[in-house]
Amino acid sequence: MEPLLGAKIGCLFALLVLTLVCGLIPICFKWFQTATATGCHRRILSFLGCTSAGVFLGAGFMHMTAEALEGIKSEIQNLMIQRSTLCHLTTAFCSHQMEYPYGELIISLGFFLVFLLESLALQCCPGTAETPKVQEQELGTAHELEPHSHGLLPSPSRGPFRALILLLSLSFHSVFEGLAVGLQLTVASTVQLCLAVLAHKGIGIVVFGVGLRLVQVGTESRWAVLSILSLALMSPLGLAIGLAVPQGDSEAGQGLAQAVLEGMAAGTFLYVTFLEILPRELASPEAPLAKWSCVAAGFAFMAVIALWA
């Protein structure tokens with residue numbers, strides 16, 4: 001076996017095992033089940049959920065959005081350079097085209113696409129508005145903690161749908177991460193990029209947060225396990241696609257289509273983070289300063305990881 005191929009296969013298994021182990025921990029251990037948690041146990045799970053929310057916030061801004069903006073800008077610039085011979089007489093127009101915030105537009109389109117899909121689902125399938133038993137208990141606890149609160153708690157009815165969207169956005173992102181590893185031409189660059197991808201996943205913290213989120217919205221164990229398994233296979237799938245690409249075509253997977261999909265995935269990730277994860281974790285008025293600290297700690301962790309990823 002060639003050293004390069006062996007390194008890529010090793011990276012493939014490393015990505016698969018890390019994702020599976022970290023994602024299955026909150027699903028396989030009953031300690032993470034919020035339905036049966038009471039007192040201090042429930043409070044610890046709440047703080048853990050807030051930390052997970054901070055990790056998702058950091059992953060959305062410091063990693064997915066940043067990479068999407070950089071990739072889209074680079075691809076748009078390359079496209080404009082290729083067209084420069086056609087617009088040498090309209091330099092001002094081309095300059096305005098270069099300055100237009102295409103990346104922000106594509107990320108916003110991803111945000112509104114999920115908003116539209118969710119609205120259509122609720123409009124056409126009113127049954128999706130039923131509240132899972134686990135979330136009914138959590139909302140009841142929140143009301144008991146603050147019976148005189150005049151604020152509206154976020155609706156939990158869309159939790160499973162948004163958990164699915166979260167999985168899809170992370171899956172898109174993971175495929176392209178694996179693809180980048182598979183396209184490397186040397187052992188050193190392959191190992192270096194694989195370590196960067198592992199760091200990018202927050203040493204498994206992001207995947208752990210996904211598993212915890214699936215448990216919190218009341219997903220059945222078998223579906224939660226299948227969801228984590230499908231997410232774990234995304235990076236190896238991208239790596240396998242990269243292995244199948246001829247080495248002379250290493251830029252084949254780095255086109256504008258990839259940058260657009262990354263941007264759309266970042267938009268969907270931000271949608272779920274701001275409209276589902278953060279509101280849910282902050283719904284209860286219990287220990288607001290401690291919750292802020294947990295969210296800030298999760299974000300800070302991903303911000304530090306961004307120095308090397």
# chains A, B, ... in the order shown; residues from 1 in each chain; ligands from 1

$ residues_around --residues "Leu4 of chain A" --least-positions-apart "2" --cutoff "7 Å" --atoms "only C-alpha atoms" --output "ChimeraX atom specification"
/A:2,6-8,186-187

$ closest_residue --among "A:Ala265, A:Leu214, A:Leu167, A:Ile76" --to "Thr34 of chain A" --atoms "only C-alpha atoms"
A:Leu214

$ atom_distance --atom1 "atom CA of Ala283 of chain A" --atom2 "atom CA of Leu270 of chain A"
18.5 Å

$ atom_distance --atom1 "atom CA of Val206 of chain A" --atom2 "atom CA of Phe299 of chain A"
11.1 Å

$ residues_around --residues "segment 174-178 of chain A" --least-positions-apart "4" --cutoff "10 Å" --atoms "only C-alpha atoms" --output "NGL selection string"
:A and (8 or 11-12 or 15 or 168-170 or 182-183 or 193-194 or 196-198 or 200-201 or 231-243 or 253-254 or 258-259 or 261-262)

$ write_last_selection --atoms "N, CA, C and O atoms" --output "CSV table (one decimal), in the first residue's frame"
chain,number,residue,atom,x,y,z
A,8,LYS,N,-4.4,8.4,4.0
A,8,LYS,CA,-5.8,8.8,3.8
A,8,LYS,C,-6.8,7.8,4.4
A,8,LYS,O,-7.8,8.2,5.0
A,11,CYS,N,-6.9,8.4,8.1
A,11,CYS,CA,-7.7,9.6,8.4
A,11,CYS,C,-9.1,9.3,8.3
A,11,CYS,O,-10.0,9.9,9.1
A,12,LEU,N,-9.5,8.5,7.3
A,12,LEU,CA,-10.9,8.2,7.1
A,12,LEU,C,-11.5,7.5,8.4
A,12,LEU,O,-12.5,7.9,8.9
A,15,LEU,N,-11.7,10.0,11.4
A,15,LEU,CA,-12.9,10.9,11.3
A,15,LEU,C,-14.2,10.1,11.7
A,15,LEU,O,-15.1,10.6,12.4
A,168,LEU,N,-28.4,18.0,8.5
A,168,LEU,CA,-28.1,18.2,7.0
A,168,LEU,C,-27.0,19.2,6.8
A,168,LEU,O,-26.2,19.0,5.9
A,169,SER,N,-27.1,20.4,7.5
A,169,SER,CA,-26.1,21.4,7.3
A,169,SER,C,-24.7,20.9,7.7
A,169,SER,O,-23.7,21.2,7.0
A,170,LEU,N,-24.6,20.2,8.8
A,170,LEU,CA,-23.3,19.7,9.2
A,170,LEU,C,-22.9,18.6,8.3
A,170,LEU,O,-21.7,18.4,8.0
A,182,GLY,N,-9.2,14.2,1.1
A,182,GLY,CA,-8.9,13.3,0.0
A,182,GLY,C,-8.2,13.8,-1.2
A,182,GLY,O,-7.6,13.0,-1.9
A,183,LEU,N,-8.2,15.1,-1.4
A,183,LEU,CA,-7.5,15.7,-2.6
A,183,LEU,C,-6.1,16.1,-2.3
A,183,LEU,O,-5.4,16.5,-3.2
A,193,LEU,N,-4.0,18.4,7.4
A,193,LEU,CA,-5.4,18.8,7.1
A,193,LEU,C,-6.4,18.0,7.9
A,193,LEU,O,-7.4,18.5,8.4
A,194,CYS,N,-6.1,16.7,8.1
A,194,CYS,CA,-7.0,15.8,8.9
A,194,CYS,C,-7.0,16.3,10.3
A,194,CYS,O,-8.1,16.3,11.0
A,196,ALA,N,-6.5,19.3,11.3
A,196,ALA,CA,-7.3,20.5,11.3
A,196,ALA,C,-8.8,20.3,11.2
A,196,ALA,O,-9.6,21.0,11.9
A,197,VAL,N,-9.2,19.2,10.5
A,197,VAL,CA,-10.6,18.9,10.4
A,197,VAL,C,-11.1,18.4,11.8
A,197,VAL,O,-12.2,18.7,12.3
A,198,LEU,N,-10.3,17.6,12.5
A,198,LEU,CA,-10.6,17.1,13.8
A,198,LEU,C,-10.7,18.2,14.8
A,198,LEU,O,-11.7,18.3,15.6
A,200,HIS,N,-11.4,21.3,13.9
A,200,HIS,CA,-12.6,22.0,13.4
A,200,HIS,C,-13.9,21.4,14.0
A,200,HIS,O,-14.8,22.2,14.2
A,201,LYS,N,-13.9,20.1,14.2
A,201,LYS,CA,-15.1,19.5,14.8
A,201,LYS,C,-15.1,19.7,16.3
A,201,LYS,O,-15.9,19.2,17.1
A,231,LEU,N,-24.2,11.1,9.9
A,231,LEU,CA,-23.4,12.2,10.0
A,231,LEU,C,-21.9,11.8,10.1
A,231,LEU,O,-21.0,12.4,9.4
A,232,ALA,N,-21.6,10.7,10.8
A,232,ALA,CA,-20.3,10.2,10.9
A,232,ALA,C,-19.7,9.7,9.5
A,232,ALA,O,-18.5,9.8,9.3
A,233,LEU,N,-20.6,9.3,8.6
A,233,LEU,CA,-20.2,8.8,7.3
A,233,LEU,C,-19.9,9.9,6.3
A,233,LEU,O,-19.3,9.6,5.3
A,234,MET,N,-20.3,11.1,6.6
A,234,MET,CA,-20.2,12.2,5.7
A,234,MET,C,-18.7,12.6,5.4
A,234,MET,O,-18.3,12.7,4.2
A,235,SER,N,-17.9,12.7,6.4
A,235,SER,CA,-16.5,13.1,6.1
A,235,SER,C,-15.8,11.9,5.4
A,235,SER,O,-15.0,12.2,4.4
A,236,PRO,N,-15.9,10.7,5.8
A,236,PRO,CA,-15.3,9.6,5.1
A,236,PRO,C,-15.8,9.5,3.6
A,236,PRO,O,-15.1,9.2,2.7
A,237,LEU,N,-17.1,9.8,3.4
A,237,LEU,CA,-17.6,9.8,2.1
A,237,LEU,C,-16.9,10.9,1.2
A,237,LEU,O,-16.5,10.6,0.1
A,238,GLY,N,-16.8,12.1,1.8
A,238,GLY,CA,-16.1,13.1,1.0
A,238,GLY,C,-14.6,12.7,0.8
A,238,GLY,O,-14.1,13.0,-0.3
A,239,LEU,N,-14.0,12.1,1.8
A,239,LEU,CA,-12.6,11.7,1.6
A,239,LEU,C,-12.5,10.6,0.5
A,239,LEU,O,-11.6,10.6,-0.4
A,240,ALA,N,-13.5,9.7,0.4
A,240,ALA,CA,-13.5,8.7,-0.6
A,240,ALA,C,-13.7,9.3,-2.0
A,240,ALA,O,-13.1,8.8,-3.0
A,241,ILE,N,-14.6,10.3,-2.1
A,241,ILE,CA,-14.7,11.0,-3.3
A,241,ILE,C,-13.4,11.6,-3.8
A,241,ILE,O,-13.1,11.6,-4.9
A,242,GLY,N,-12.7,12.2,-2.8
A,242,GLY,CA,-11.4,12.8,-3.1
A,242,GLY,C,-10.4,11.8,-3.6
A,242,GLY,O,-9.6,12.1,-4.5
A,243,LEU,N,-10.5,10.6,-3.0
A,243,LEU,CA,-9.6,9.6,-3.5
A,243,LEU,C,-9.9,9.1,-4.9
A,243,LEU,O,-9.0,8.7,-5.7
A,253,GLY,N,-13.0,19.7,-7.1
A,253,GLY,CA,-14.0,19.8,-6.1
A,253,GLY,C,-14.0,21.2,-5.5
A,253,GLY,O,-14.6,21.4,-4.4
A,254,GLN,N,-13.3,22.1,-6.0
A,254,GLN,CA,-13.1,23.4,-5.4
A,254,GLN,C,-13.8,24.5,-6.1
A,254,GLN,O,-13.4,25.7,-6.0
A,258,GLN,N,-19.4,24.3,-4.9
A,258,GLN,CA,-19.0,23.9,-3.5
A,258,GLN,C,-19.1,25.1,-2.6
A,258,GLN,O,-19.7,25.0,-1.5
A,259,ALA,N,-18.6,26.2,-3.0
A,259,ALA,CA,-18.7,27.4,-2.2
A,259,ALA,C,-20.1,27.8,-1.9
A,259,ALA,O,-20.4,28.2,-0.8
A,261,LEU,N,-22.8,25.8,-1.9
A,261,LEU,CA,-23.4,24.8,-1.0
A,261,LEU,C,-22.9,25.1,0.5
A,261,LEU,O,-23.6,24.9,1.4
A,262,GLU,N,-21.6,25.4,0.6
A,262,GLU,CA,-21.0,25.7,1.9
A,262,GLU,C,-21.8,26.9,2.5
A,262,GLU,O,-22.1,26.9,3.7

$ closest_residue --among "A:Val304, A:Ala163, A:Leu20, A:Val272" --to "Thr219 of chain A" --atoms "only C-alpha atoms"
A:Ala163

$ residues_around --residues "Gly58 of chain A" --least-positions-apart "6" --cutoff "8 Å" --atoms "only C-alpha atoms" --output "MDAnalysis selection string"
chainID A and resid 298:303

$ write_last_selection --atoms "all heavy atoms" --output "JSON list (two decimals), in the first residue's frame"
[["chain", "number", "residue", "atom", "x", "y", "z"],
["A", 298, "GLY", "N", -18.55, 27.94, 25.68],
["A", 298, "GLY", "CA", -18.63, 27.13, 24.47],
["A", 298, "GLY", "C", -18.17, 27.90, 23.25],
["A", 298, "GLY", "O", -17.42, 27.37, 22.41],
["A", 299, "PHE", "N", -18.57, 29.16, 23.15],
["A", 299, "PHE", "CA", -18.15, 29.99, 22.01],
["A", 299, "PHE", "C", -16.64, 30.23, 22.06],
["A", 299, "PHE", "O", -15.96, 30.16, 21.03],
["A", 299, "PHE", "CB", -18.88, 31.33, 22.05],
["A", 299, "PHE", "CG", -18.55, 32.23, 20.90],
["A", 299, "PHE", "CD1", -19.27, 32.16, 19.71],
["A", 299, "PHE", "CD2", -17.52, 33.15, 20.99],
["A", 299, "PHE", "CE1", -18.96, 32.99, 18.64],
["A", 299, "PHE", "CE2", -17.20, 33.97, 19.93],
["A", 299, "PHE", "CZ", -17.92, 33.90, 18.75],
["A", 300, "ALA", "N", -16.11, 30.52, 23.26],
["A", 300, "ALA", "CA", -14.68, 30.78, 23.40],
["A", 300, "ALA", "C", -13.86, 29.56, 22.99],
["A", 300, "ALA", "O", -12.79, 29.69, 22.37],
["A", 300, "ALA", "CB", -14.36, 31.18, 24.83],
["A", 301, "PHE", "N", -14.35, 28.37, 23.33],
["A", 301, "PHE", "CA", -13.64, 27.15, 22.95],
["A", 301, "PHE", "C", -13.50, 27.06, 21.44],
["A", 301, "PHE", "O", -12.41, 26.79, 20.91],
["A", 301, "PHE", "CB", -14.38, 25.93, 23.50],
["A", 301, "PHE", "CG", -13.76, 24.62, 23.11],
["A", 301, "PHE", "CD1", -12.67, 24.13, 23.80],
["A", 301, "PHE", "CD2", -14.27, 23.88, 22.06],
["A", 301, "PHE", "CE1", -12.09, 22.93, 23.45],
["A", 301, "PHE", "CE2", -13.70, 22.67, 21.69],
["A", 301, "PHE", "CZ", -12.59, 22.20, 22.41],
["A", 302, "MET", "N", -14.59, 27.30, 20.70],
["A", 302, "MET", "CA", -14.54, 27.22, 19.25],
["A", 302, "MET", "C", -13.73, 28.37, 18.66],
["A", 302, "MET", "O", -13.08, 28.22, 17.62],
["A", 302, "MET", "CB", -15.96, 27.24, 18.67],
["A", 302, "MET", "CG", -16.80, 26.03, 19.07],
["A", 302, "MET", "SD", -16.04, 24.45, 18.67],
["A", 302, "MET", "CE", -15.98, 24.51, 16.89],
["A", 303, "ALA", "N", -13.73, 29.52, 19.34],
["A", 303, "ALA", "CA", -12.92, 30.65, 18.86],
["A", 303, "ALA", "C", -11.42, 30.33, 18.97],
["A", 303, "ALA", "O", -10.62, 30.66, 18.10],
["A", 303, "ALA", "CB", -13.25, 31.90, 19.65]]

$ residues_around --residues "Cys28 of chain A" --least-positions-apart "6" --cutoff "10 Å" --atoms "only C-alpha atoms" --output "ChimeraX atom specification"
/A:211,215,221,224-225

$ closest_residue --among "A:Lys73, A:Lys30, A:His63, A:His173" --to "Gln216 of chain A" --atoms "only C-alpha atoms"
A:Lys30

$ closest_atom_pairs --of "segment 229-288 of chain A" --to "segment 293-296 of chain A" --cutoff "12 Å" --atoms "only C-alpha atoms" --output "tab-separated table"
residue	atom	partner	partner_atom	distance
A:Thr273	CA	A:Val295	CA	11.9
A:Ile277	CA	A:Val295	CA	11.0
A:Leu278	CA	A:Val295	CA	8.8
A:Pro279	CA	A:Val295	CA	11.9
A:Glu281	CA	A:Val295	CA	9.5
A:Leu282	CA	A:Val295	CA	9.8
A:Ala287	CA	A:Ser293	CA	10.1
A:Pro288	CA	A:Ser293	CA	8.7

$ write_last_selection --atoms "N, CA, C and O atoms" --output "PDB file, in the first residue's frame"
ATOM      1  N   THR A 273     -29.329  27.486  15.043  1.00  0.00           N
ATOM      2  CA  THR A 273     -28.676  27.954  16.262  1.00  0.00           C
ATOM      3  C   THR A 273     -29.463  29.075  16.930  1.00  0.00           C
ATOM      4  O   THR A 273     -29.700  29.054  18.143  1.00  0.00           O
ATOM      5  N   ILE A 277     -31.857  26.412  19.121  1.00  0.00           N
ATOM      6  CA  ILE A 277     -30.977  25.971  20.203  1.00  0.00           C
ATOM      7  C   ILE A 277     -30.868  27.032  21.299  1.00  0.00           C
ATOM      8  O   ILE A 277     -31.147  26.760  22.477  1.00  0.00           O
ATOM      9  N   LEU A 278     -30.473  28.260  20.933  1.00  0.00           N
ATOM     10  CA  LEU A 278     -30.313  29.298  21.947  1.00  0.00           C
ATOM     11  C   LEU A 278     -31.626  29.640  22.658  1.00  0.00           C
ATOM     12  O   LEU A 278     -31.658  29.708  23.895  1.00  0.00           O
ATOM     13  N   PRO A 279     -32.751  29.876  21.933  1.00  0.00           N
ATOM     14  CA  PRO A 279     -34.007  30.182  22.647  1.00  0.00           C
ATOM     15  C   PRO A 279     -34.425  29.072  23.598  1.00  0.00           C
ATOM     16  O   PRO A 279     -34.929  29.339  24.691  1.00  0.00           O
ATOM     17  N   GLU A 281     -32.515  26.857  25.201  1.00  0.00           N
ATOM     18  CA  GLU A 281     -31.663  26.768  26.386  1.00  0.00           C
ATOM     19  C   GLU A 281     -31.867  27.955  27.323  1.00  0.00           C
ATOM     20  O   GLU A 281     -31.651  27.841  28.530  1.00  0.00           O
ATOM     21  N   LEU A 282     -32.262  29.094  26.771  1.00  0.00           N
ATOM     22  CA  LEU A 282     -32.431  30.291  27.596  1.00  0.00           C
ATOM     23  C   LEU A 282     -33.877  30.530  27.994  1.00  0.00           C
ATOM     24  O   LEU A 282     -34.211  31.582  28.552  1.00  0.00           O
ATOM     25  N   ALA A 287     -30.919  30.795  36.900  1.00  0.00           N
ATOM     26  CA  ALA A 287     -29.462  31.018  36.829  1.00  0.00           C
ATOM     27  C   ALA A 287     -29.035  31.621  35.497  1.00  0.00           C
ATOM     28  O   ALA A 287     -28.238  31.035  34.767  1.00  0.00           O
ATOM     29  N   PRO A 288     -29.538  32.823  35.153  1.00  0.00           N
ATOM     30  CA  PRO A 288     -29.208  33.406  33.833  1.00  0.00           C
ATOM     31  C   PRO A 288     -27.724  33.709  33.659  1.00  0.00           C
ATOM     32  O   PRO A 288     -27.181  33.534  32.572  1.00  0.00           O
TER      33      PRO A 288
END

$ closest_residue --among "A:Thr65, A:Ser284, A:Thr51, A:Ser230" --to "Leu105 of chain A" --atoms "only C-alpha atoms"
A:Thr65

$ closest_residue --among "A:Arg162, A:Arg280, A:Lys291, A:Arg222" --to "Leu48 of chain A" --atoms "only C-alpha atoms"
A:Lys291
